[in-house]
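> To be precise about what I am sending: the file is called upload-v7.pdb and holds PDB, N, CA and C atoms.
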ATOM      1  N   MET R   1      -8.486 -15.447  19.867
ATOM      2  CA  MET R   1      -7.705 -14.529  19.086
ATOM      3  C   MET R   1      -8.628 -13.668  18.238
ATOM      4  N   ALA R   2      -8.207 -12.450  17.978
ATOM      5  CA  ALA R   2      -9.034 -11.497  17.246
ATOM      6  C   ALA R   2      -9.369 -11.963  15.835
ATOM      7  N   HIS R   3      -8.397 -12.595  15.162
ATOM      8  CA  HIS R   3      -8.645 -13.002  13.781
ATOM      9  C   HIS R   3      -9.553 -14.227  13.663
ATOM     10  N   THR R   4      -9.846 -14.904  14.764
ATOM     11  CA  THR R   4     -10.798 -16.017  14.715
ATOM     12  C   THR R   4     -12.031 -15.751  15.586
ATOM     13  N   ALA R   5     -12.204 -14.517  16.030
ATOM     14  CA  ALA R   5     -13.400 -14.157  16.798
ATOM     15  C   ALA R   5     -14.626 -14.308  15.899
ATOM     16  N   GLN R   6     -15.767 -14.549  16.513
ATOM     17  CA  GLN R   6     -16.989 -14.789  15.741
ATOM     18  C   GLN R   6     -17.304 -13.642  14.782
ATOM     19  N   LYS R   7     -17.158 -12.406  15.250
ATOM     20  CA  LYS R   7     -17.456 -11.253  14.383
ATOM     21  C   LYS R   7     -16.484 -11.191  13.213
ATOM     22  N   SER R   8     -15.206 -11.420  13.478
ATOM     23  CA  SER R   8     -14.208 -11.407  12.404
ATOM     24  C   SER R   8     -14.503 -12.505  11.389
ATOM     25  N   MET R   9     -14.795 -13.683  11.882
ATOM     26  CA  MET R   9     -15.072 -14.805  10.997
ATOM     27  C   MET R   9     -16.322 -14.560  10.156
ATOM     28  N   ALA R  10     -17.325 -13.930  10.741
ATOM     29  CA  ALA R  10     -18.556 -13.626  10.001
ATOM     30  C   ALA R  10     -18.276 -12.671   8.843
ATOM     31  N   VAL R  11     -17.485 -11.652   9.101
ATOM     32  CA  VAL R  11     -17.136 -10.694   8.045
ATOM     33  C   VAL R  11     -16.340 -11.393   6.949
ATOM     34  N   LEU R  12     -15.357 -12.191   7.344
ATOM     35  CA  LEU R  12     -14.537 -12.883   6.355
ATOM     36  C   LEU R  12     -15.337 -13.896   5.545
ATOM     37  N   ARG R  13     -16.256 -14.585   6.195
ATOM     38  CA  ARG R  13     -17.097 -15.552   5.460
ATOM     39  C   ARG R  13     -17.981 -14.840   4.449
ATOM     40  N   GLU R  14     -18.431 -13.645   4.797
ATOM     41  CA  GLU R  14     -19.250 -12.859   3.864
ATOM     42  C   GLU R  14     -18.397 -12.408   2.675
ATOM     43  N   MET R  15     -17.172 -12.019   2.954
ATOM     44  CA  MET R  15     -16.287 -11.542   1.890
ATOM     45  C   MET R  15     -15.752 -12.681   1.015
ATOM     46  N   PHE R  16     -15.542 -13.850   1.624
ATOM     47  CA  PHE R  16     -14.953 -14.990   0.924
ATOM     48  C   PHE R  16     -15.797 -16.246   1.131
ATOM     49  N   PRO R  17     -17.008 -16.272   0.591
ATOM     50  CA  PRO R  17     -17.885 -17.423   0.818
ATOM     51  C   PRO R  17     -17.272 -18.729   0.309
ATOM     52  N   ASP R  18     -17.268 -19.719   1.188
ATOM     53  CA  ASP R  18     -16.754 -21.058   0.899
ATOM     54  C   ASP R  18     -15.268 -21.072   0.534
ATOM     55  N   ARG R  19     -14.546 -19.970   0.810
ATOM     56  CA  ARG R  19     -13.122 -19.911   0.459
ATOM     57  C   ARG R  19     -12.264 -19.434   1.623
ATOM     58  N   LEU R  20     -12.801 -19.355   2.802
ATOM     59  CA  LEU R  20     -12.069 -18.839   3.946
ATOM     60  C   LEU R  20     -11.058 -19.867   4.447
ATOM     61  N   ILE R  21      -9.780 -19.503   4.373
ATOM     62  CA  ILE R  21      -8.708 -20.388   4.844
ATOM     63  C   ILE R  21      -8.360 -19.962   6.261
ATOM     64  N   SER R  22      -8.611 -20.829   7.215
ATOM     65  CA  SER R  22      -8.390 -20.489   8.613
ATOM     66  C   SER R  22      -8.501 -21.750   9.458
ATOM     67  N   LEU R  23      -8.014 -21.643  10.677
ATOM     68  CA  LEU R  23      -8.160 -22.745  11.616
ATOM     69  C   LEU R  23      -9.634 -23.122  11.777
ATOM     70  N   ARG R  24     -10.498 -22.125  11.723
ATOM     71  CA  ARG R  24     -11.946 -22.354  11.859
ATOM     72  C   ARG R  24     -12.709 -22.000  10.588
ATOM     73  N   GLY R  25     -12.016 -22.011   9.450
ATOM     74  CA  GLY R  25     -12.630 -21.616   8.190
ATOM     75  C   GLY R  25     -13.152 -22.785   7.387
ATOM     76  N   ASP R  26     -13.518 -22.475   6.153
ATOM     77  CA  ASP R  26     -14.046 -23.481   5.236
ATOM     78  C   ASP R  26     -12.935 -24.413   4.739
ATOM     79  N   ILE R  27     -11.746 -23.847   4.595
ATOM     80  CA  ILE R  27     -10.576 -24.605   4.168
ATOM     81  C   ILE R  27      -9.583 -24.531   5.315
ATOM     82  N   LEU R  28      -9.211 -25.662   5.869
ATOM     83  CA  LEU R  28      -8.319 -25.664   7.021
ATOM     84  C   LEU R  28      -6.930 -25.173   6.649
ATOM     85  N   TRP R  29      -6.354 -24.337   7.508
ATOM     86  CA  TRP R  29      -4.988 -23.873   7.334
ATOM     87  C   TRP R  29      -4.069 -25.002   7.775
ATOM     88  N   PRO R  30      -3.193 -25.473   6.890
ATOM     89  CA  PRO R  30      -2.358 -26.616   7.252
ATOM     90  C   PRO R  30      -1.400 -26.296   8.400
ATOM     91  N   ALA R  31      -1.259 -27.224   9.294
ATOM     92  CA  ALA R  31      -0.329 -27.049  10.413
ATOM     93  C   ALA R  31       1.088 -26.889   9.889
ATOM     94  N   HIS R  32       1.848 -26.005  10.512
ATOM     95  CA  HIS R  32       3.249 -25.776  10.156
ATOM     96  C   HIS R  32       3.431 -25.343   8.711
ATOM     97  N   SER R  33       2.430 -24.672   8.141
ATOM     98  CA  SER R  33       2.561 -24.229   6.758
ATOM     99  C   SER R  33       3.473 -23.012   6.686
ATOM    100  N   PRO R  34       4.165 -22.836   5.569
ATOM    101  CA  PRO R  34       5.060 -21.692   5.447
ATOM    102  C   PRO R  34       4.282 -20.390   5.317
ATOM    103  N   ASP R  35       4.943 -19.298   5.627
ATOM    104  CA  ASP R  35       4.334 -17.985   5.456
ATOM    105  C   ASP R  35       4.432 -17.614   3.992
ATOM    106  N   LEU R  36       3.292 -17.424   3.355
ATOM    107  CA  LEU R  36       3.283 -17.217   1.919
ATOM    108  C   LEU R  36       2.788 -15.835   1.514
ATOM    109  N   THR R  37       2.923 -14.865   2.380
ATOM    110  CA  THR R  37       2.564 -13.513   1.984
ATOM    111  C   THR R  37       3.750 -12.599   2.226
ATOM    112  N   PRO R  38       3.870 -11.555   1.419
ATOM    113  CA  PRO R  38       4.978 -10.614   1.618
ATOM    114  C   PRO R  38       4.991  -9.990   3.014
ATOM    115  N   CYS R  39       3.837  -9.806   3.599
ATOM    116  CA  CYS R  39       3.806  -9.256   4.961
ATOM    117  C   CYS R  39       4.448 -10.220   5.941
ATOM    118  N   ASP R  40       4.190 -11.513   5.776
ATOM    119  CA  ASP R  40       4.748 -12.512   6.689
ATOM    120  C   ASP R  40       6.257 -12.643   6.542
ATOM    121  N   TYR R  41       6.730 -12.775   5.314
ATOM    122  CA  TYR R  41       8.149 -13.082   5.158
ATOM    123  C   TYR R  41       9.026 -11.858   4.979
ATOM    124  N   PHE R  42       8.424 -10.681   4.744
ATOM    125  CA  PHE R  42       9.257  -9.499   4.553
ATOM    126  C   PHE R  42       8.873  -8.326   5.454
ATOM    127  N   LEU R  43       7.651  -7.857   5.332
ATOM    128  CA  LEU R  43       7.287  -6.563   5.899
ATOM    129  C   LEU R  43       7.440  -6.478   7.412
ATOM    130  N   TRP R  44       6.951  -7.449   8.149
ATOM    131  CA  TRP R  44       6.963  -7.335   9.615
ATOM    132  C   TRP R  44       8.395  -7.296  10.148
ATOM    133  N   GLY R  45       9.258  -8.155   9.662
ATOM    134  CA  GLY R  45      10.643  -8.145  10.112
ATOM    135  C   GLY R  45      11.382  -6.886   9.680
ATOM    136  N   TYR R  46      11.126  -6.445   8.463
ATOM    137  CA  TYR R  46      11.755  -5.231   7.945
ATOM    138  C   TYR R  46      11.357  -4.025   8.796
ATOM    139  N   LEU R  47      10.056  -3.898   9.040
ATOM    140  CA  LEU R  47       9.581  -2.762   9.843
ATOM    141  C   LEU R  47      10.095  -2.824  11.267
ATOM    142  N   LYS R  48      10.122  -4.000  11.840
ATOM    143  CA  LYS R  48      10.610  -4.124  13.212
ATOM    144  C   LYS R  48      12.056  -3.634  13.306
ATOM    145  N   ALA R  49      12.869  -4.032  12.343
ATOM    146  CA  ALA R  49      14.275  -3.606  12.348
ATOM    147  C   ALA R  49      14.395  -2.094  12.195
ATOM    148  N   LYS R  50      13.566  -1.499  11.362
ATOM    149  CA  LYS R  50      13.639  -0.054  11.114
ATOM    150  C   LYS R  50      13.016   0.759  12.252
ATOM    151  N   VAL R  51      11.832   0.373  12.682
ATOM    152  CA  VAL R  51      11.070   1.150  13.668
ATOM    153  C   VAL R  51      11.746   1.163  15.026
ATOM    154  N   PHE R  52      12.279   0.031  15.447
ATOM    155  CA  PHE R  52      12.834  -0.030  16.798
ATOM    156  C   PHE R  52      14.251   0.518  16.906
ATOM    157  N   LYS R  53      14.751   1.134  15.822
ATOM    158  CA  LYS R  53      15.980   1.919  15.915
ATOM    159  C   LYS R  53      15.705   3.218  16.671
ATOM    160  N   HIS R  54      14.442   3.643  16.610
ATOM    161  CA  HIS R  54      14.015   4.869  17.285
ATOM    162  C   HIS R  54      13.718   4.566  18.748
ATOM    163  N   ARG R  55      13.872   5.540  19.602
ATOM    164  CA  ARG R  55      13.500   5.370  21.020
ATOM    165  C   ARG R  55      12.053   5.834  21.173
ATOM    166  N   LEU R  56      11.149   4.919  21.020
ATOM    167  CA  LEU R  56       9.722   5.234  21.044
ATOM    168  C   LEU R  56       9.204   5.199  22.470
ATOM    169  N   ARG R  57       8.465   6.218  22.828
ATOM    170  CA  ARG R  57       7.978   6.300  24.207
ATOM    171  C   ARG R  57       6.454   6.294  24.320
ATOM    172  N   THR R  58       5.779   6.460  23.186
ATOM    173  CA  THR R  58       4.315   6.475  23.233
ATOM    174  C   THR R  58       3.758   5.635  22.089
ATOM    175  N   LEU R  59       2.505   5.270  22.216
ATOM    176  CA  LEU R  59       1.829   4.537  21.153
ATOM    177  C   LEU R  59       1.775   5.395  19.887
ATOM    178  N   GLN R  60       1.532   6.675  20.044
ATOM    179  CA  GLN R  60       1.471   7.562  18.879
ATOM    180  C   GLN R  60       2.822   7.628  18.176
ATOM    181  N   ALA R  61       3.904   7.656  18.954
ATOM    182  CA  ALA R  61       5.244   7.669  18.361
ATOM    183  C   ALA R  61       5.492   6.389  17.573
ATOM    184  N   LEU R  62       5.024   5.260  18.091
ATOM    185  CA  LEU R  62       5.143   3.987  17.385
ATOM    186  C   LEU R  62       4.378   4.032  16.070
ATOM    187  N   LYS R  63       3.141   4.492  16.119
ATOM    188  CA  LYS R  63       2.325   4.588  14.898
ATOM    189  C   LYS R  63       2.990   5.496  13.869
ATOM    190  N   ASP R  64       3.496   6.638  14.327
ATOM    191  CA  ASP R  64       4.151   7.580  13.416
ATOM    192  C   ASP R  64       5.398   6.966  12.797
ATOM    193  N   ALA R  65       6.189   6.253  13.596
ATOM    194  CA  ALA R  65       7.409   5.624  13.098
ATOM    195  C   ALA R  65       7.082   4.540  12.071
ATOM    196  N   ILE R  66       6.037   3.780  12.308
ATOM    197  CA  ILE R  66       5.616   2.745  11.354
ATOM    198  C   ILE R  66       5.213   3.387  10.041
ATOM    199  N   ARG R  67       4.399   4.414  10.098
ATOM    200  CA  ARG R  67       3.967   5.108   8.868
ATOM    201  C   ARG R  67       5.166   5.669   8.108
ATOM    202  N   LEU R  68       6.082   6.271   8.832
ATOM    203  CA  LEU R  68       7.274   6.847   8.223
ATOM    204  C   LEU R  68       8.104   5.773   7.516
ATOM    205  N   GLU R  69       8.350   4.667   8.193
ATOM    206  CA  GLU R  69       9.190   3.614   7.621
ATOM    207  C   GLU R  69       8.519   2.890   6.466
ATOM    208  N   VAL R  70       7.209   2.728   6.519
ATOM    209  CA  VAL R  70       6.497   2.126   5.385
ATOM    210  C   VAL R  70       6.675   3.008   4.155
ATOM    211  N   GLY R  71       6.564   4.315   4.343
ATOM    212  CA  GLY R  71       6.734   5.245   3.232
ATOM    213  C   GLY R  71       8.152   5.292   2.691
ATOM    214  N   ARG R  72       9.108   4.873   3.458
ATOM    215  CA  ARG R  72      10.521   4.898   3.051
ATOM    216  C   ARG R  72      10.995   3.610   2.380
ATOM    217  N   ILE R  73      10.160   2.596   2.308
ATOM    218  CA  ILE R  73      10.589   1.348   1.674
ATOM    219  C   ILE R  73      10.874   1.636   0.204
ATOM    220  N   PRO R  74      12.093   1.365  -0.247
ATOM    221  CA  PRO R  74      12.438   1.651  -1.646
ATOM    222  C   PRO R  74      11.605   0.811  -2.621
ATOM    223  N   HIS R  75      11.241   1.416  -3.733
ATOM    224  CA  HIS R  75      10.427   0.710  -4.731
ATOM    225  C   HIS R  75      11.142  -0.521  -5.282
ATOM    226  N   ASP R  76      12.461  -0.433  -5.439
ATOM    227  CA  ASP R  76      13.170  -1.611  -5.957
ATOM    228  C   ASP R  76      13.117  -2.767  -4.966
ATOM    229  N   THR R  77      13.077  -2.458  -3.681
ATOM    230  CA  THR R  77      12.931  -3.512  -2.664
ATOM    231  C   THR R  77      11.571  -4.183  -2.797
ATOM    232  N   LEU R  78      10.533  -3.385  -2.972
ATOM    233  CA  LEU R  78       9.188  -3.947  -3.139
ATOM    234  C   LEU R  78       9.100  -4.784  -4.411
ATOM    235  N   ASP R  79       9.758  -4.342  -5.469
ATOM    236  CA  ASP R  79       9.777  -5.134  -6.709
ATOM    237  C   ASP R  79      10.435  -6.494  -6.470
ATOM    238  N   ARG R  80      11.567  -6.519  -5.748
ATOM    239  CA  ARG R  80      12.246  -7.789  -5.455
ATOM    240  C   ARG R  80      11.378  -8.694  -4.590
ATOM    241  N   VAL R  81      10.700  -8.107  -3.618
ATOM    242  CA  VAL R  81       9.812  -8.892  -2.751
ATOM    243  C   VAL R  81       8.736  -9.573  -3.591
ATOM    244  N   MET R  82       8.132  -8.828  -4.506
ATOM    245  CA  MET R  82       7.056  -9.409  -5.307
ATOM    246  C   MET R  82       7.580 -10.448  -6.297
ATOM    247  N   ARG R  83       8.775 -10.257  -6.827
ATOM    248  CA  ARG R  83       9.368 -11.299  -7.682
ATOM    249  C   ARG R  83       9.634 -12.561  -6.864
ATOM    250  N   ASN R  84      10.142 -12.375  -5.654
ATOM    251  CA  ASN R  84      10.461 -13.527  -4.802
ATOM    252  C   ASN R  84       9.219 -14.296  -4.374
ATOM    253  N   ILE R  85       8.096 -13.615  -4.166
ATOM    254  CA  ILE R  85       6.888 -14.349  -3.752
ATOM    255  C   ILE R  85       6.455 -15.293  -4.868
ATOM    256  N   ARG R  86       6.609 -14.879  -6.104
ATOM    257  CA  ARG R  86       6.260 -15.765  -7.219
ATOM    258  C   ARG R  86       7.150 -17.013  -7.217
ATOM    259  N   ILE R  87       8.431 -16.819  -6.960
ATOM    260  CA  ILE R  87       9.368 -17.954  -6.886
ATOM    261  C   ILE R  87       8.967 -18.878  -5.734
ATOM    262  N   CYS R  88       8.661 -18.281  -4.582
ATOM    263  CA  CYS R  88       8.254 -19.081  -3.408
ATOM    264  C   CYS R  88       7.003 -19.896  -3.692
ATOM    265  N   LEU R  89       6.017 -19.261  -4.296
ATOM    266  CA  LEU R  89       4.757 -19.962  -4.571
ATOM    267  C   LEU R  89       4.982 -21.124  -5.532
ATOM    268  N   LYS R  90       5.810 -20.916  -6.551
ATOM    269  CA  LYS R  90       6.103 -22.010  -7.474
ATOM    270  C   LYS R  90       6.816 -23.150  -6.744
ATOM    271  N   GLN R  91       7.806 -22.816  -5.902
ATOM    272  CA  GLN R  91       8.503 -23.860  -5.145
ATOM    273  C   GLN R  91       7.548 -24.580  -4.200
ATOM    274  N   PHE R  92       6.658 -23.835  -3.587
ATOM    275  CA  PHE R  92       5.679 -24.430  -2.680
ATOM    276  C   PHE R  92       4.812 -25.445  -3.427
ATOM    277  N   ILE R  93       4.366 -25.072  -4.613
ATOM    278  CA  ILE R  93       3.546 -25.978  -5.430
ATOM    279  C   ILE R  93       4.373 -27.188  -5.854
ATOM    280  N   ASP R  94       5.596 -26.935  -6.339
ATOM    281  CA  ASP R  94       6.467 -28.030  -6.769
ATOM    282  C   ASP R  94       6.823 -28.964  -5.616
ATOM    283  N   ASN R  95       6.804 -28.440  -4.391
ATOM    284  CA  ASN R  95       7.164 -29.195  -3.185
ATOM    285  C   ASN R  95       5.949 -29.863  -2.536
ATOM    286  N   ASN R  96       4.827 -29.865  -3.221
ATOM    287  CA  ASN R  96       3.584 -30.453  -2.718
ATOM    288  C   ASN R  96       3.149 -29.860  -1.377
ATOM    289  N   GLY R  97       3.382 -28.561  -1.212
ATOM    290  CA  GLY R  97       2.913 -27.887  -0.015
ATOM    291  C   GLY R  97       3.825 -27.971   1.184
ATOM    292  N   HIS R  98       4.992 -28.570   1.028
ATOM    293  CA  HIS R  98       5.930 -28.676   2.145
ATOM    294  C   HIS R  98       6.742 -27.403   2.287
ATOM    295  N   HIS R  99       7.411 -27.264   3.415
ATOM    296  CA  HIS R  99       8.240 -26.088   3.659
ATOM    297  C   HIS R  99       9.278 -25.906   2.558
ATOM    298  N   LEU R 100       9.614 -24.661   2.343
ATOM    299  CA  LEU R 100      10.638 -24.329   1.360
ATOM    300  C   LEU R 100      12.005 -24.515   2.008
ATOM    301  N   GLN R 101      12.912 -25.127   1.286
ATOM    302  CA  GLN R 101      14.222 -25.428   1.840
ATOM    303  C   GLN R 101      15.197 -24.264   1.699
ATOM    304  N   ASP R 102      15.056 -23.482   0.652
ATOM    305  CA  ASP R 102      16.011 -22.414   0.376
ATOM    306  C   ASP R 102      15.545 -21.095   0.967
ATOM    307  N   ILE R 103      16.508 -20.278   1.344
ATOM    308  CA  ILE R 103      16.206 -18.905   1.743
ATOM    309  C   ILE R 103      16.436 -18.050   0.513
ATOM    310  N   LEU R 104      15.389 -17.425   0.026
ATOM    311  CA  LEU R 104      15.466 -16.717  -1.242
ATOM    312  C   LEU R 104      15.721 -15.224  -1.072
ATOM    313  N   PHE R 105      15.784 -14.725   0.127
ATOM    314  CA  PHE R 105      15.745 -13.294   0.332
ATOM    315  C   PHE R 105      17.062 -12.744   0.884
ATOM    316  N   LYS R 106      18.148 -13.251   0.398
ATOM    317  CA  LYS R 106      19.465 -12.903   0.926
ATOM    318  C   LYS R 106      19.898 -11.495   0.540
ATOM    319  N   THR R 107      19.382 -10.933  -0.535
ATOM    320  CA  THR R 107      19.875  -9.654  -1.030
ATOM    321  C   THR R 107      19.035  -8.462  -0.596
ATOM    322  N   MET R 108      18.168  -8.631   0.349
ATOM    323  CA  MET R 108      17.309  -7.519   0.789
ATOM    324  C   MET R 108      18.100  -6.517   1.586
TER     325      MET R 108
END
Give the structure from this file in structure tokens form.

Amino acid sequence: MAHTAQKSMAVLREMFPDRLISLRGDILWPAHSPDLTPCDYFLWGYLKAKVFKHRLRTLQALKDAIRLEVGRIPHDTLDRVMRNIRICLKQFIDNNGHHLQDILFKTM
């Protein structure tokens, strides 16, 4: 995979010495761990729903649609996402690293 290729890992190790969290990093990524970044739990699904409403026929059209939809994300939505990540992280810590039981993002 690209994110664990030797060149990628070398760059990341240089940027994050002794702190690289990865399958092949300094700190092992726990199996079945929850997605703890806004991109994982919000952005990719949100963009997929928005972008694929369009009938895209070329790679350039896809790139343009992604850029357009990223720019259209309402600021209040981004504020809610960032508030929710704090709640998720606290629950994750309180849960000793186990999966989160509640779905916190019902109002998006």
> So which residues touch R:Ala49 within 12 Å, counting only C-alpha atoms, skipping near sequence neighbours fewer than 3 positions away, as a PyMOL selection string?
chain R and resi 42-46+52-54+65-66+69-70
> Would you mind writing down, as number ranges by chain, each residue of stretch 21-82 of chain R that DSSP on the backbone assigns to alpha helix (DSSP H)?
R: 38, 44-51, 59-71, 75-82
> Write the residues of the preceding selection, restricted to N, CA and C atoms, as a compact mmCIF listing (two decimals), in the coordinates of the input.

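Generated output (again_37.txt):
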# COMPACT_ATOMS: atom_id res chain seq x y z
N PRO R 38 3.87 -11.56 1.42
CA PRO R 38 4.98 -10.61 1.62
C PRO R 38 4.99 -9.99 3.01
N TRP R 44 6.95 -7.45 8.15
CA TRP R 44 6.96 -7.34 9.62
C TRP R 44 8.40 -7.30 10.15
N GLY R 45 9.26 -8.15 9.66
CA GLY R 45 10.64 -8.14 10.11
C GLY R 45 11.38 -6.89 9.68
N TYR R 46 11.13 -6.44 8.46
CA TYR R 46 11.76 -5.23 7.94
C TYR R 46 11.36 -4.03 8.80
N LEU R 47 10.06 -3.90 9.04
CA LEU R 47 9.58 -2.76 9.84
C LEU R 47 10.10 -2.82 11.27
N LYS R 48 10.12 -4.00 11.84
CA LYS R 48 10.61 -4.12 13.21
C LYS R 48 12.06 -3.63 13.31
N ALA R 49 12.87 -4.03 12.34
CA ALA R 49 14.28 -3.61 12.35
C ALA R 49 14.40 -2.09 12.20
N LYS R 50 13.57 -1.50 11.36
CA LYS R 50 13.64 -0.05 11.11
C LYS R 50 13.02 0.76 12.25
N VAL R 51 11.83 0.37 12.68
CA VAL R 51 11.07 1.15 13.67
C VAL R 51 11.75 1.16 15.03
N LEU R 59 2.50 5.27 22.22
CA LEU R 59 1.83 4.54 21.15
C LEU R 59 1.78 5.40 19.89
N GLN R 60 1.53 6.68 20.04
CA GLN R 60 1.47 7.56 18.88
C GLN R 60 2.82 7.63 18.18
N ALA R 61 3.90 7.66 18.95
CA ALA R 61 5.24 7.67 18.36
C ALA R 61 5.49 6.39 17.57
N LEU R 62 5.02 5.26 18.09
CA LEU R 62 5.14 3.99 17.39
C LEU R 62 4.38 4.03 16.07
N LYS R 63 3.14 4.49 16.12
CA LYS R 63 2.33 4.59 14.90
C LYS R 63 2.99 5.50 13.87
N ASP R 64 3.50 6.64 14.33
CA ASP R 64 4.15 7.58 13.42
C ASP R 64 5.40 6.97 12.80
N ALA R 65 6.19 6.25 13.60
CA ALA R 65 7.41 5.62 13.10
C ALA R 65 7.08 4.54 12.07
N ILE R 66 6.04 3.78 12.31
CA ILE R 66 5.62 2.74 11.35
C ILE R 66 5.21 3.39 10.04
N ARG R 67 4.40 4.41 10.10
CA ARG R 67 3.97 5.11 8.87
C ARG R 67 5.17 5.67 8.11
N LEU R 68 6.08 6.27 8.83
CA LEU R 68 7.27 6.85 8.22
C LEU R 68 8.10 5.77 7.52
N GLU R 69 8.35 4.67 8.19
CA GLU R 69 9.19 3.61 7.62
C GLU R 69 8.52 2.89 6.47
N VAL R 70 7.21 2.73 6.52
CA VAL R 70 6.50 2.13 5.38
C VAL R 70 6.68 3.01 4.16
N GLY R 71 6.56 4.32 4.34
CA GLY R 71 6.73 5.24 3.23
C GLY R 71 8.15 5.29 2.69
N HIS R 75 11.24 1.42 -3.73
CA HIS R 75 10.43 0.71 -4.73
C HIS R 75 11.14 -0.52 -5.28
N ASP R 76 12.46 -0.43 -5.44
CA ASP R 76 13.17 -1.61 -5.96
C ASP R 76 13.12 -2.77 -4.97
N THR R 77 13.08 -2.46 -3.68
CA THR R 77 12.93 -3.51 -2.66
C THR R 77 11.57 -4.18 -2.80
N LEU R 78 10.53 -3.38 -2.97
CA LEU R 78 9.19 -3.95 -3.14
C LEU R 78 9.10 -4.78 -4.41
N ASP R 79 9.76 -4.34 -5.47
CA ASP R 79 9.78 -5.13 -6.71
C ASP R 79 10.44 -6.49 -6.47
N ARG R 80 11.57 -6.52 -5.75
CA ARG R 80 12.25 -7.79 -5.46
C ARG R 80 11.38 -8.69 -4.59
N VAL R 81 10.70 -8.11 -3.62
CA VAL R 81 9.81 -8.89 -2.75
C VAL R 81 8.74 -9.57 -3.59
N MET R 82 8.13 -8.83 -4.51
CA MET R 82 7.06 -9.41 -5.31
C MET R 82 7.58 -10.45 -6.30
> Quote the spacing between atom C of R:Arg55 and atom C of R:Arg72 in Å to one decimal place.
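Atom C of R:Arg55 sits 19.0 Å away from atom C of R:Arg72.
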> Have a look at R:Glu14, R:Pro38, R:Lys7, R:Ser22 and name the one nearest to R:Asp79; count only C-alpha atoms.
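Among R:Glu14, R:Pro38, R:Lys7, R:Ser22, it is R:Pro38 that comes nearest to R:Asp79.
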> What's the separation between atom CA of R:Arg67 and atom CA of R:Val51, in Å to one decimal place?
9.4 Å
> Calculate how many Å separate atom C of R:Gln91 from atom N of R:Lys48, rounding to one decimal.
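Computed distance, atom C of R:Gln91 to atom N of R:Lys48, equals 26.2 Å.
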